[in-house]
Amino acid sequence: MKYSTLLISFLFIFLACHSGSSQQNYVLSEGSVLTVQGTSTVHDWTMELDKMKGYLKWENGIPKSIFFEAQVADLQSERSAIMDSKAREALKIKEHPMITFESVQGSVQQPEINICTLPGEISIAGTTKKISITSKIKKGRESILLEGSCTILLQDFNIVPPTAMFGSIVVGDVIMVHFNLLYHDK
């Protein structure tokens with residue numbers, strides 16, 4: 001009798017702890033990279049972010065929510081400190097030092113190739129816009145990798161394209177953002 005009561009109690013506790021949704025929490029890890037590519041009247045350019053914070057909540061085979069933030073000051077170009085300075089100024093670093101993205105419900109578009117749509121809001125230079133990002137998902141035992149890209153127009157975020165050489169070099173309005181975001185189990 002005591003043995004069966006103990007066994008039933010153990011099963012009840014086990015089921016209570018493991019029932020409900022199968023939500024897993026992940027944090028953004030080192031090795032994540034966000035690359036920003038654009039053009040100018042003289043040459044193409046690239047900037048990179050490799051210092052970011054964020055989390056991902058995974059539930060029932062899809063991202064339930066994602067949050068990502070990065071400091072504008074960590075955006076680095078391959079060109080020069082002058083370009084970095086002009087980009088930071090254009091992004092209004094003093095008033096708005098952070099870039100953020102938040103998605104509250106992903107949806108799987110093409111499950112056979114792990115393609116997911118992440119509708120959310122992105123905030124850049126003090127302007128927040130709704131955006132829908134398509135991402136490829138690679139789920140491991142203890143990690144999730146989101147890979148993808150999206151196009152952003154500077155004018156949509158009230159960003160005046162940076163210039164140099166007395167206005168003879170002007171950055172184009174269209175920016176391509178590529179991301180490889182690696183999340184590890186908490």
# chains A, B, ... in the order shown; residues from 1 in each chain; ligands from 1

$ residues_around --residues "region 120-133 of chain A" --least-positions-apart "2" --cutoff "8 Å" --atoms "only C-alpha atoms" --output "list in words"
Ala90, Leu91, Lys92, Ile93, Glu95, His96, Pro97, Met98, Ile99, Thr100, Phe101, Glu102, Ser103, Val104, Thr117, Leu118, Ser135, Gly148, Ser149, Cys150, Phe157, Asn158 and Ile159 of chain A

$ write_last_selection --atoms "N, CA, C and O atoms" --output "tab-separated table (two decimals), in the first residue's frame"
chain	number	residue	atom	x	y	z
A	90	ALA	N	24.21	59.01	-38.73
A	90	ALA	CA	22.97	58.86	-39.50
A	90	ALA	C	21.93	58.05	-38.74
A	90	ALA	O	20.73	58.30	-38.85
A	91	LEU	N	22.40	57.09	-37.94
A	91	LEU	CA	21.50	56.25	-37.15
A	91	LEU	C	21.09	56.91	-35.83
A	91	LEU	O	20.41	56.29	-35.01
A	92	LYS	N	21.49	58.16	-35.64
A	92	LYS	CA	21.09	58.97	-34.47
A	92	LYS	C	21.50	58.30	-33.16
A	92	LYS	O	20.70	58.14	-32.23
A	93	ILE	N	22.77	57.91	-33.10
A	93	ILE	CA	23.28	57.15	-31.96
A	93	ILE	C	23.09	57.85	-30.62
A	93	ILE	O	22.81	57.20	-29.62
A	95	GLU	N	20.66	59.88	-29.61
A	95	GLU	CA	19.27	59.82	-29.16
A	95	GLU	C	18.74	58.39	-29.09
A	95	GLU	O	17.88	58.07	-28.28
A	96	HIS	N	19.24	57.52	-29.96
A	96	HIS	CA	18.72	56.15	-30.09
A	96	HIS	C	19.87	55.17	-30.26
A	96	HIS	O	20.18	54.74	-31.37
A	97	PRO	N	20.52	54.80	-29.15
A	97	PRO	CA	21.73	53.98	-29.24
A	97	PRO	C	21.50	52.50	-29.54
A	97	PRO	O	22.46	51.77	-29.76
A	98	MET	N	20.23	52.06	-29.58
A	98	MET	CA	19.95	50.63	-29.77
A	98	MET	C	19.16	50.38	-31.05
A	98	MET	O	18.34	51.20	-31.46
A	99	ILE	N	19.40	49.21	-31.64
A	99	ILE	CA	18.58	48.67	-32.73
A	99	ILE	C	17.90	47.44	-32.13
A	99	ILE	O	18.56	46.61	-31.50
A	100	THR	N	16.58	47.32	-32.30
A	100	THR	CA	15.87	46.17	-31.74
A	100	THR	C	14.94	45.54	-32.77
A	100	THR	O	14.48	46.19	-33.70
A	101	PHE	N	14.68	44.26	-32.57
A	101	PHE	CA	13.67	43.53	-33.34
A	101	PHE	C	12.93	42.63	-32.37
A	101	PHE	O	13.54	41.98	-31.52
A	102	GLU	N	11.60	42.59	-32.49
A	102	GLU	CA	10.80	41.71	-31.66
A	102	GLU	C	9.70	41.08	-32.49
A	102	GLU	O	8.98	41.77	-33.21
A	103	SER	N	9.59	39.78	-32.40
A	103	SER	CA	8.54	39.02	-33.07
A	103	SER	C	7.80	38.22	-32.01
A	103	SER	O	8.42	37.61	-31.15
A	104	VAL	N	6.47	38.24	-32.08
A	104	VAL	CA	5.71	37.53	-31.05
A	104	VAL	C	5.09	36.23	-31.53
A	104	VAL	O	4.56	35.48	-30.73
A	117	THR	N	8.36	32.41	-41.27
A	117	THR	CA	8.12	33.84	-41.36
A	117	THR	C	8.05	34.41	-39.95
A	117	THR	O	7.36	33.85	-39.10
A	118	LEU	N	8.77	35.51	-39.73
A	118	LEU	CA	8.81	36.14	-38.42
A	118	LEU	C	8.27	37.56	-38.53
A	118	LEU	O	9.01	38.50	-38.82
A	135	SER	N	13.05	33.43	-42.65
A	135	SER	CA	14.28	32.87	-42.11
A	135	SER	C	14.31	31.36	-42.30
A	135	SER	O	13.29	30.69	-42.21
A	148	GLY	N	18.96	34.32	-42.64
A	148	GLY	CA	18.09	34.98	-43.60
A	148	GLY	C	18.58	36.36	-43.94
A	148	GLY	O	19.68	36.77	-43.57
A	149	SER	N	17.72	37.09	-44.63
A	149	SER	CA	18.04	38.46	-44.99
A	149	SER	C	16.75	39.23	-45.21
A	149	SER	O	15.68	38.65	-45.40
A	150	CYS	N	16.88	40.54	-45.18
A	150	CYS	CA	15.75	41.41	-45.46
A	150	CYS	C	16.29	42.72	-46.03
A	150	CYS	O	17.44	43.08	-45.83
A	157	PHE	N	12.90	54.75	-42.18
A	157	PHE	CA	13.27	54.97	-40.79
A	157	PHE	C	13.74	56.40	-40.55
A	157	PHE	O	14.40	56.68	-39.55
A	158	ASN	N	13.37	57.27	-41.46
A	158	ASN	CA	13.72	58.70	-41.36
A	158	ASN	C	15.22	58.91	-41.21
A	158	ASN	O	15.67	59.80	-40.48
A	159	ILE	N	16.00	58.08	-41.91
A	159	ILE	CA	17.45	58.19	-41.88
A	159	ILE	C	17.91	58.92	-43.13
A	159	ILE	O	17.57	58.52	-44.25

$ residues_around --residues "Leu146 (chain A)" --least-positions-apart "5" --cutoff "12 Å" --atoms "only C-alpha atoms" --output "JSON, numbers by chain"
{"A": [28, 29, 32, 33, 34, 55, 56, 62, 63, 66, 106, 114, 115, 116, 117, 118, 133, 134, 135, 136, 137, 138, 139, 140, 178, 179, 180, 181, 182, 183, 184]}

$ residues_around --residues "Val171 (chain A)" --least-positions-apart "2" --cutoff "9 Å" --atoms "only C-alpha atoms" --output "list in words"
Gly38, Thr39, Ser40, Thr41, Val42, Asp44, Pro161, Pro162, Thr163, Ala164, Ile169, Asp173 and Val174 of chain A

$ select_by_dssp --residues "chain A" --states "strand (DSSP E)" --output "VMD selection string"
chain A and resid 24 to 28 33 to 38 45 to 49 53 to 59 62 to 71 76 to 77 98 to 103 107 to 110 115 to 124 127 to 139 143 to 153 163 to 164 169 to 170 174 to 185

$ atom_distance --atom1 "CA of Leu49 (chain A)" --atom2 "CA of Gln76 (chain A)"
6.6 Å

$ closest_residue --among "A:Thr151, A:Thr46, A:Ser143, A:Gln105" --to "Ala87 (chain A)" --atoms "only C-alpha atoms"
A:Thr46

$ atom_distance --atom1 "CA of Ile82 (chain A)" --atom2 "CA of Met176 (chain A)"
20.9 Å

$ select_by_dssp --residues "chain A" --states "helix (DSSP H, G or I)" --output "mmCIF file with all heavy atoms, in the first residue's frame"
data_model
loop_
_atom_site.group_PDB
_atom_site.id
_atom_site.type_symbol
_atom_site.label_atom_id
_atom_site.label_comp_id
_atom_site.auth_asym_id
_atom_site.auth_seq_id
_atom_site.Cartn_x
_atom_site.Cartn_y
_atom_site.Cartn_z
ATOM 1 N N LYS A 2 1.868 1.302 0.880
ATOM 2 C CA LYS A 2 2.742 2.462 0.928
ATOM 3 C C LYS A 2 3.494 2.622 -0.386
ATOM 4 O O LYS A 2 3.700 3.736 -0.856
ATOM 5 C CB LYS A 2 3.743 2.327 2.077
ATOM 6 C CG LYS A 2 3.127 2.499 3.441
ATOM 7 C CD LYS A 2 4.191 2.411 4.488
ATOM 8 C CE LYS A 2 3.570 2.465 5.869
ATOM 9 N NZ LYS A 2 4.553 2.387 6.921
ATOM 10 N N TYR A 3 3.925 1.507 -0.966
ATOM 11 C CA TYR A 3 4.668 1.542 -2.218
ATOM 12 C C TYR A 3 3.810 2.111 -3.337
ATOM 13 O O TYR A 3 4.253 2.970 -4.096
ATOM 14 C CB TYR A 3 5.154 0.132 -2.567
ATOM 15 C CG TYR A 3 5.924 0.097 -3.856
ATOM 16 C CD1 TYR A 3 7.242 0.556 -3.914
ATOM 17 C CD2 TYR A 3 5.337 -0.374 -5.011
ATOM 18 C CE1 TYR A 3 7.944 0.539 -5.090
ATOM 19 C CE2 TYR A 3 6.041 -0.400 -6.194
ATOM 20 C CZ TYR A 3 7.340 0.055 -6.240
ATOM 21 O OH TYR A 3 8.035 0.037 -7.411
ATOM 22 N N SER A 4 2.547 1.684 -3.444
ATOM 23 C CA SER A 4 1.682 2.182 -4.514
ATOM 24 C C SER A 4 1.338 3.651 -4.300
ATOM 25 O O SER A 4 1.247 4.419 -5.255
ATOM 26 C CB SER A 4 0.413 1.334 -4.623
ATOM 27 O OG SER A 4 -0.328 1.398 -3.437
ATOM 28 N N THR A 5 1.166 4.093 -3.069
ATOM 29 C CA THR A 5 0.902 5.506 -2.781
ATOM 30 C C THR A 5 2.112 6.350 -3.171
ATOM 31 O O THR A 5 1.978 7.421 -3.776
ATOM 32 C CB THR A 5 0.581 5.703 -1.292
ATOM 33 O OG1 THR A 5 -0.499 4.851 -0.933
ATOM 34 C CG2 THR A 5 0.226 7.146 -0.996
ATOM 35 N N LEU A 6 3.295 5.868 -2.867
ATOM 36 C CA LEU A 6 4.517 6.567 -3.220
ATOM 37 C C LEU A 6 4.675 6.645 -4.737
ATOM 38 O O LEU A 6 5.013 7.694 -5.282
ATOM 39 C CB LEU A 6 5.719 5.860 -2.581
ATOM 40 C CG LEU A 6 7.082 6.494 -2.800
ATOM 41 C CD1 LEU A 6 7.126 7.902 -2.195
ATOM 42 C CD2 LEU A 6 8.161 5.637 -2.179
ATOM 43 N N LEU A 7 4.400 5.542 -5.410
ATOM 44 C CA LEU A 7 4.507 5.500 -6.868
ATOM 45 C C LEU A 7 3.496 6.444 -7.515
ATOM 46 O O LEU A 7 3.844 7.207 -8.424
ATOM 47 C CB LEU A 7 4.290 4.062 -7.370
ATOM 48 C CG LEU A 7 4.415 3.854 -8.871
ATOM 49 C CD1 LEU A 7 5.799 4.259 -9.360
ATOM 50 C CD2 LEU A 7 4.140 2.409 -9.231
ATOM 51 N N ILE A 8 2.263 6.453 -7.039
ATOM 52 C CA ILE A 8 1.237 7.350 -7.579
ATOM 53 C C ILE A 8 1.624 8.807 -7.325
ATOM 54 O O ILE A 8 1.495 9.656 -8.204
ATOM 55 C CB ILE A 8 -0.142 7.013 -6.982
ATOM 56 C CG1 ILE A 8 -0.617 5.662 -7.515
ATOM 57 C CG2 ILE A 8 -1.155 8.102 -7.300
ATOM 58 C CD1 ILE A 8 -1.845 5.120 -6.835
ATOM 59 N N SER A 9 2.153 9.116 -6.151
ATOM 60 C CA SER A 9 2.593 10.480 -5.834
ATOM 61 C C SER A 9 3.717 10.910 -6.768
ATOM 62 O O SER A 9 3.724 12.021 -7.293
ATOM 63 C CB SER A 9 3.081 10.581 -4.393
ATOM 64 O OG SER A 9 2.033 10.303 -3.512
ATOM 65 N N PHE A 10 4.671 10.009 -6.989
ATOM 66 C CA PHE A 10 5.784 10.310 -7.880
ATOM 67 C C PHE A 10 5.281 10.564 -9.299
ATOM 68 O O PHE A 10 5.691 11.533 -9.949
ATOM 69 C CB PHE A 10 6.800 9.159 -7.863
ATOM 70 C CG PHE A 10 7.908 9.366 -8.848
ATOM 71 C CD1 PHE A 10 8.961 10.231 -8.562
ATOM 72 C CD2 PHE A 10 7.894 8.721 -10.070
ATOM 73 C CE1 PHE A 10 9.973 10.437 -9.469
ATOM 74 C CE2 PHE A 10 8.903 8.928 -10.983
ATOM 75 C CZ PHE A 10 9.954 9.777 -10.688
ATOM 76 N N LEU A 11 4.395 9.731 -9.802
ATOM 77 C CA LEU A 11 3.849 9.905 -11.148
ATOM 78 C C LEU A 11 3.079 11.225 -11.261
ATOM 79 O O LEU A 11 3.188 11.937 -12.263
ATOM 80 C CB LEU A 11 2.950 8.733 -11.529
ATOM 81 C CG LEU A 11 3.669 7.430 -11.880
ATOM 82 C CD1 LEU A 11 2.664 6.309 -12.077
ATOM 83 C CD2 LEU A 11 4.527 7.611 -13.102
ATOM 84 N N PHE A 12 2.318 11.556 -10.242
ATOM 85 C CA PHE A 12 1.560 12.816 -10.256
ATOM 86 C C PHE A 12 2.509 14.010 -10.338
ATOM 87 O O PHE A 12 2.306 14.927 -11.135
ATOM 88 C CB PHE A 12 0.683 12.909 -8.997
ATOM 89 C CG PHE A 12 -0.064 14.198 -8.927
ATOM 90 C CD1 PHE A 12 -1.193 14.400 -9.696
ATOM 91 C CD2 PHE A 12 0.371 15.225 -8.107
ATOM 92 C CE1 PHE A 12 -1.888 15.595 -9.643
ATOM 93 C CE2 PHE A 12 -0.318 16.424 -8.048
ATOM 94 C CZ PHE A 12 -1.450 16.618 -8.819
ATOM 95 N N ILE A 13 3.564 14.002 -9.527
ATOM 96 C CA ILE A 13 4.534 15.106 -9.541
ATOM 97 C C ILE A 13 5.242 15.166 -10.891
ATOM 98 O O ILE A 13 5.407 16.233 -11.481
ATOM 99 C CB ILE A 13 5.545 14.955 -8.386
ATOM 100 C CG1 ILE A 13 4.832 15.177 -7.046
ATOM 101 C CG2 ILE A 13 6.723 15.913 -8.550
ATOM 102 C CD1 ILE A 13 5.661 14.803 -5.839
ATOM 103 N N PHE A 14 5.643 14.033 -11.433
ATOM 104 C CA PHE A 14 6.328 13.981 -12.720
ATOM 105 C C PHE A 14 5.441 14.545 -13.828
ATOM 106 O O PHE A 14 5.869 15.383 -14.622
ATOM 107 C CB PHE A 14 6.739 12.541 -13.052
ATOM 108 C CG PHE A 14 7.407 12.419 -14.388
ATOM 109 C CD1 PHE A 14 8.750 12.747 -14.532
ATOM 110 C CD2 PHE A 14 6.693 11.998 -15.500
ATOM 111 C CE1 PHE A 14 9.370 12.643 -15.767
ATOM 112 C CE2 PHE A 14 7.308 11.892 -16.731
ATOM 113 C CZ PHE A 14 8.651 12.215 -16.868
ATOM 114 N N LEU A 15 4.191 14.119 -13.880
ATOM 115 C CA LEU A 15 3.271 14.601 -14.907
ATOM 116 C C LEU A 15 2.967 16.082 -14.739
ATOM 117 O O LEU A 15 2.857 16.822 -15.724
ATOM 118 C CB LEU A 15 1.985 13.779 -14.904
ATOM 119 C CG LEU A 15 2.123 12.338 -15.380
ATOM 120 C CD1 LEU A 15 0.811 11.591 -15.193
ATOM 121 C CD2 LEU A 15 2.564 12.294 -16.831
ATOM 122 N N ALA A 16 2.849 16.547 -13.526
ATOM 123 C CA ALA A 16 2.582 17.966 -13.282
ATOM 124 C C ALA A 16 3.745 18.826 -13.755
ATOM 125 O O ALA A 16 3.556 19.909 -14.308
ATOM 126 C CB ALA A 16 2.321 18.213 -11.802
ATOM 127 N N CYS A 17 4.959 18.331 -13.570
ATOM 128 C CA CYS A 17 6.136 19.105 -13.984
ATOM 129 C C CYS A 17 6.361 19.056 -15.488
ATOM 130 O O CYS A 17 6.975 19.950 -16.042
ATOM 131 C CB CYS A 17 7.385 18.574 -13.281
ATOM 132 S SG CYS A 17 7.384 18.926 -11.515
ATOM 133 N N HIS A 18 5.902 18.021 -16.159
ATOM 134 C CA HIS A 18 6.199 17.857 -17.579
ATOM 135 C C HIS A 18 4.989 18.032 -18.482
ATOM 136 O O HIS A 18 5.055 17.770 -19.668
ATOM 137 C CB HIS A 18 6.824 16.487 -17.819
ATOM 138 C CG HIS A 18 8.218 16.399 -17.289
ATOM 139 N ND1 HIS A 18 8.580 16.854 -16.044
ATOM 140 C CD2 HIS A 18 9.355 15.936 -17.843
ATOM 141 C CE1 HIS A 18 9.867 16.652 -15.848
ATOM 142 N NE2 HIS A 18 10.359 16.095 -16.920
ATOM 143 N N VAL A 72 24.172 50.472 -31.583
ATOM 144 C CA VAL A 72 24.636 51.085 -32.824
ATOM 145 C C VAL A 72 26.158 51.240 -32.794
ATOM 146 O O VAL A 72 26.836 51.048 -33.807
ATOM 147 C CB VAL A 72 23.949 52.454 -33.043
ATOM 148 C CG1 VAL A 72 24.547 53.190 -34.231
ATOM 149 C CG2 VAL A 72 22.443 52.265 -33.226
ATOM 150 N N ALA A 73 26.733 51.526 -31.629
ATOM 151 C CA ALA A 73 28.180 51.717 -31.489
ATOM 152 C C ALA A 73 28.980 50.471 -31.879
ATOM 153 O O ALA A 73 30.156 50.573 -32.222
ATOM 154 C CB ALA A 73 28.521 52.125 -30.063
ATOM 155 N N ASP A 74 28.356 49.294 -31.845
ATOM 156 C CA ASP A 74 29.055 48.055 -32.185
ATOM 157 C C ASP A 74 29.043 47.746 -33.682
ATOM 158 O O ASP A 74 29.654 46.773 -34.123
ATOM 159 C CB ASP A 74 28.452 46.874 -31.408
ATOM 160 C CG ASP A 74 28.754 46.967 -29.926
ATOM 161 O OD1 ASP A 74 29.794 47.559 -29.562
ATOM 162 O OD2 ASP A 74 27.947 46.454 -29.127
ATOM 163 N N ALA A 81 37.221 54.253 -39.846
ATOM 164 C CA ALA A 81 36.548 54.846 -38.682
ATOM 165 C C ALA A 81 35.664 56.012 -39.112
ATOM 166 O O ALA A 81 34.654 56.291 -38.465
ATOM 167 C CB ALA A 81 37.586 55.311 -37.674
ATOM 168 N N ILE A 82 36.011 56.675 -40.202
ATOM 169 C CA ILE A 82 35.186 57.779 -40.705
ATOM 170 C C ILE A 82 33.824 57.260 -41.136
ATOM 171 O O ILE A 82 32.790 57.844 -40.813
ATOM 172 C CB ILE A 82 35.894 58.520 -41.857
ATOM 173 C CG1 ILE A 82 37.147 59.215 -41.319
ATOM 174 C CG2 ILE A 82 34.955 59.518 -42.522
ATOM 175 C CD1 ILE A 82 38.038 59.806 -42.385
ATOM 176 N N MET A 83 33.814 56.142 -41.855
ATOM 177 C CA MET A 83 32.541 55.557 -42.279
ATOM 178 C C MET A 83 31.721 55.135 -41.068
ATOM 179 O O MET A 83 30.512 55.356 -41.019
ATOM 180 C CB MET A 83 32.755 54.366 -43.206
ATOM 181 C CG MET A 83 31.460 53.761 -43.675
ATOM 182 S SD MET A 83 31.720 52.450 -44.867
ATOM 183 C CE MET A 83 30.043 51.890 -45.052
ATOM 184 N N ASP A 84 32.375 54.526 -40.086
ATOM 185 C CA ASP A 84 31.677 54.116 -38.866
ATOM 186 C C ASP A 84 31.029 55.320 -38.200
ATOM 187 O O ASP A 84 29.866 55.271 -37.789
ATOM 188 C CB ASP A 84 32.642 53.446 -37.887
ATOM 189 C CG ASP A 84 33.183 52.120 -38.393
ATOM 190 O OD1 ASP A 84 32.680 51.598 -39.409
ATOM 191 O OD2 ASP A 84 34.126 51.607 -37.766
ATOM 192 N N SER A 85 31.770 56.402 -38.101
ATOM 193 C CA SER A 85 31.272 57.613 -37.466
ATOM 194 C C SER A 85 30.081 58.197 -38.218
ATOM 195 O O SER A 85 29.076 58.584 -37.612
ATOM 196 C CB SER A 85 32.402 58.642 -37.384
ATOM 197 O OG SER A 85 31.920 59.860 -36.890
ATOM 198 N N LYS A 86 30.162 58.242 -39.536
ATOM 199 C CA LYS A 86 29.061 58.794 -40.346
ATOM 200 C C LYS A 86 27.819 57.910 -40.256
ATOM 201 O O LYS A 86 26.701 58.404 -40.192
ATOM 202 C CB LYS A 86 29.508 58.985 -41.789
ATOM 203 C CG LYS A 86 30.510 60.122 -41.923
ATOM 204 C CD LYS A 86 30.720 60.514 -43.353
ATOM 205 C CE LYS A 86 31.622 61.734 -43.445
ATOM 206 N NZ LYS A 86 30.934 62.968 -43.125
ATOM 207 N N ALA A 87 28.022 56.586 -40.228
ATOM 208 C CA ALA A 87 26.891 55.664 -40.095
ATOM 209 C C ALA A 87 26.217 55.833 -38.740
ATOM 210 O O ALA A 87 24.986 55.893 -38.651
ATOM 211 C CB ALA A 87 27.361 54.223 -40.285
ATOM 212 N N ARG A 88 27.013 55.938 -37.692
ATOM 213 C CA ARG A 88 26.449 56.111 -36.341
ATOM 214 C C ARG A 88 25.692 57.428 -36.221
ATOM 215 O O ARG A 88 24.627 57.486 -35.598
ATOM 216 C CB ARG A 88 27.564 56.034 -35.307
ATOM 217 C CG ARG A 88 28.135 54.640 -35.189
ATOM 218 C CD ARG A 88 29.277 54.575 -34.211
ATOM 219 N NE ARG A 88 29.884 53.267 -34.265
ATOM 220 C CZ ARG A 88 31.187 53.059 -34.295
ATOM 221 N NH1 ARG A 88 32.031 54.073 -34.237
ATOM 222 N NH2 ARG A 88 31.656 51.836 -34.354
ATOM 223 N N GLU A 89 26.236 58.466 -36.831
ATOM 224 C CA GLU A 89 25.562 59.762 -36.821
ATOM 225 C C GLU A 89 24.225 59.673 -37.561
ATOM 226 O O GLU A 89 23.203 60.179 -37.092
ATOM 227 C CB GLU A 89 26.458 60.808 -37.474
ATOM 228 C CG GLU A 89 25.911 62.207 -37.438
ATOM 229 C CD GLU A 89 26.852 63.199 -38.111
ATOM 230 O OE1 GLU A 89 28.081 63.085 -37.928
ATOM 231 O OE2 GLU A 89 26.333 64.078 -38.819
ATOM 232 N N ALA A 90 24.210 59.015 -38.726
ATOM 233 C CA ALA A 90 22.974 58.860 -39.505
ATOM 234 C C ALA A 90 21.930 58.047 -38.736
ATOM 235 O O ALA A 90 20.731 58.300 -38.846
ATOM 236 C CB ALA A 90 23.273 58.196 -40.847
ATOM 237 N N PRO A 111 7.563 23.826 -44.230
ATOM 238 C CA PRO A 111 8.166 22.955 -43.215
ATOM 239 C C PRO A 111 9.180 21.965 -43.774
ATOM 240 O O PRO A 111 10.120 21.593 -43.075
ATOM 241 C CB PRO A 111 6.967 22.236 -42.601
ATOM 242 C CG PRO A 111 5.811 22.509 -43.473
ATOM 243 C CD PRO A 111 6.122 23.692 -44.310
ATOM 244 N N GLU A 112 9.014 21.561 -45.031
ATOM 245 C CA GLU A 112 9.938 20.572 -45.606
ATOM 246 C C GLU A 112 11.358 21.111 -45.733
ATOM 247 O O GLU A 112 12.315 20.354 -45.748
ATOM 248 C CB GLU A 112 9.430 20.064 -46.959
ATOM 249 C CG GLU A 112 9.358 21.113 -48.071
ATOM 250 C CD GLU A 112 8.134 22.031 -48.025
ATOM 251 O OE1 GLU A 112 7.264 21.876 -47.155
ATOM 252 O OE2 GLU A 112 8.064 22.917 -48.868
ATOM 253 N N ILE A 113 11.512 22.439 -45.809
ATOM 254 C CA ILE A 113 12.858 23.023 -45.873
ATOM 255 C C ILE A 113 13.111 23.997 -44.728
ATOM 256 O O ILE A 113 14.016 24.804 -44.768
ATOM 257 C CB ILE A 113 13.126 23.703 -47.239
ATOM 258 C CG1 ILE A 113 12.064 24.751 -47.559
ATOM 259 C CG2 ILE A 113 13.247 22.681 -48.342
ATOM 260 C CD1 ILE A 113 12.351 25.571 -48.807
ATOM 261 N N LEU A 154 16.346 53.200 -46.001
ATOM 262 C CA LEU A 154 16.713 54.198 -44.988
ATOM 263 C C LEU A 154 15.592 55.210 -44.779
ATOM 264 O O LEU A 154 15.288 55.585 -43.648
ATOM 265 C CB LEU A 154 18.008 54.907 -45.389
ATOM 266 C CG LEU A 154 19.276 54.049 -45.430
ATOM 267 C CD1 LEU A 154 20.465 54.891 -45.872
ATOM 268 C CD2 LEU A 154 19.546 53.390 -44.097
ATOM 269 N N GLN A 155 14.963 55.638 -45.867
ATOM 270 C CA GLN A 155 13.905 56.647 -45.748
ATOM 271 C C GLN A 155 12.727 56.164 -44.906
ATOM 272 O O GLN A 155 12.046 56.971 -44.270
ATOM 273 C CB GLN A 155 13.430 57.098 -47.124
ATOM 274 C CG GLN A 155 12.743 55.996 -47.912
ATOM 275 C CD GLN A 155 12.397 56.426 -49.332
ATOM 276 O OE1 GLN A 155 12.445 57.600 -49.656
ATOM 277 N NE2 GLN A 155 12.060 55.452 -50.159
ATOM 278 N N ASP A 156 12.481 54.848 -44.867
ATOM 279 C CA ASP A 156 11.393 54.318 -44.043
ATOM 280 C C ASP A 156 11.640 54.549 -42.549
ATOM 281 O O ASP A 156 10.713 54.512 -41.743
ATOM 282 C CB ASP A 156 11.198 52.816 -44.284
ATOM 283 C CG ASP A 156 10.569 52.523 -45.630
ATOM 284 O OD1 ASP A 156 10.082 53.465 -46.296
ATOM 285 O OD2 ASP A 156 10.569 51.337 -46.030
ATOM 286 N N PHE A 157 12.899 54.754 -42.184
ATOM 287 C CA PHE A 157 13.267 54.969 -40.786
ATOM 288 C C PHE A 157 13.737 56.402 -40.545
ATOM 289 O O PHE A 157 14.403 56.682 -39.554
ATOM 290 C CB PHE A 157 14.332 53.951 -40.369
ATOM 291 C CG PHE A 157 13.791 52.556 -40.333
ATOM 292 C CD1 PHE A 157 13.832 51.753 -41.460
ATOM 293 C CD2 PHE A 157 13.192 52.054 -39.195
ATOM 294 C CE1 PHE A 157 13.305 50.472 -41.449
ATOM 295 C CE2 PHE A 157 12.659 50.775 -39.166
ATOM 296 C CZ PHE A 157 12.709 49.988 -40.301
#

$ atom_distance --atom1 "CA of Gly54 (chain A)" --atom2 "CA of Glu69 (chain A)"
6.1 Å
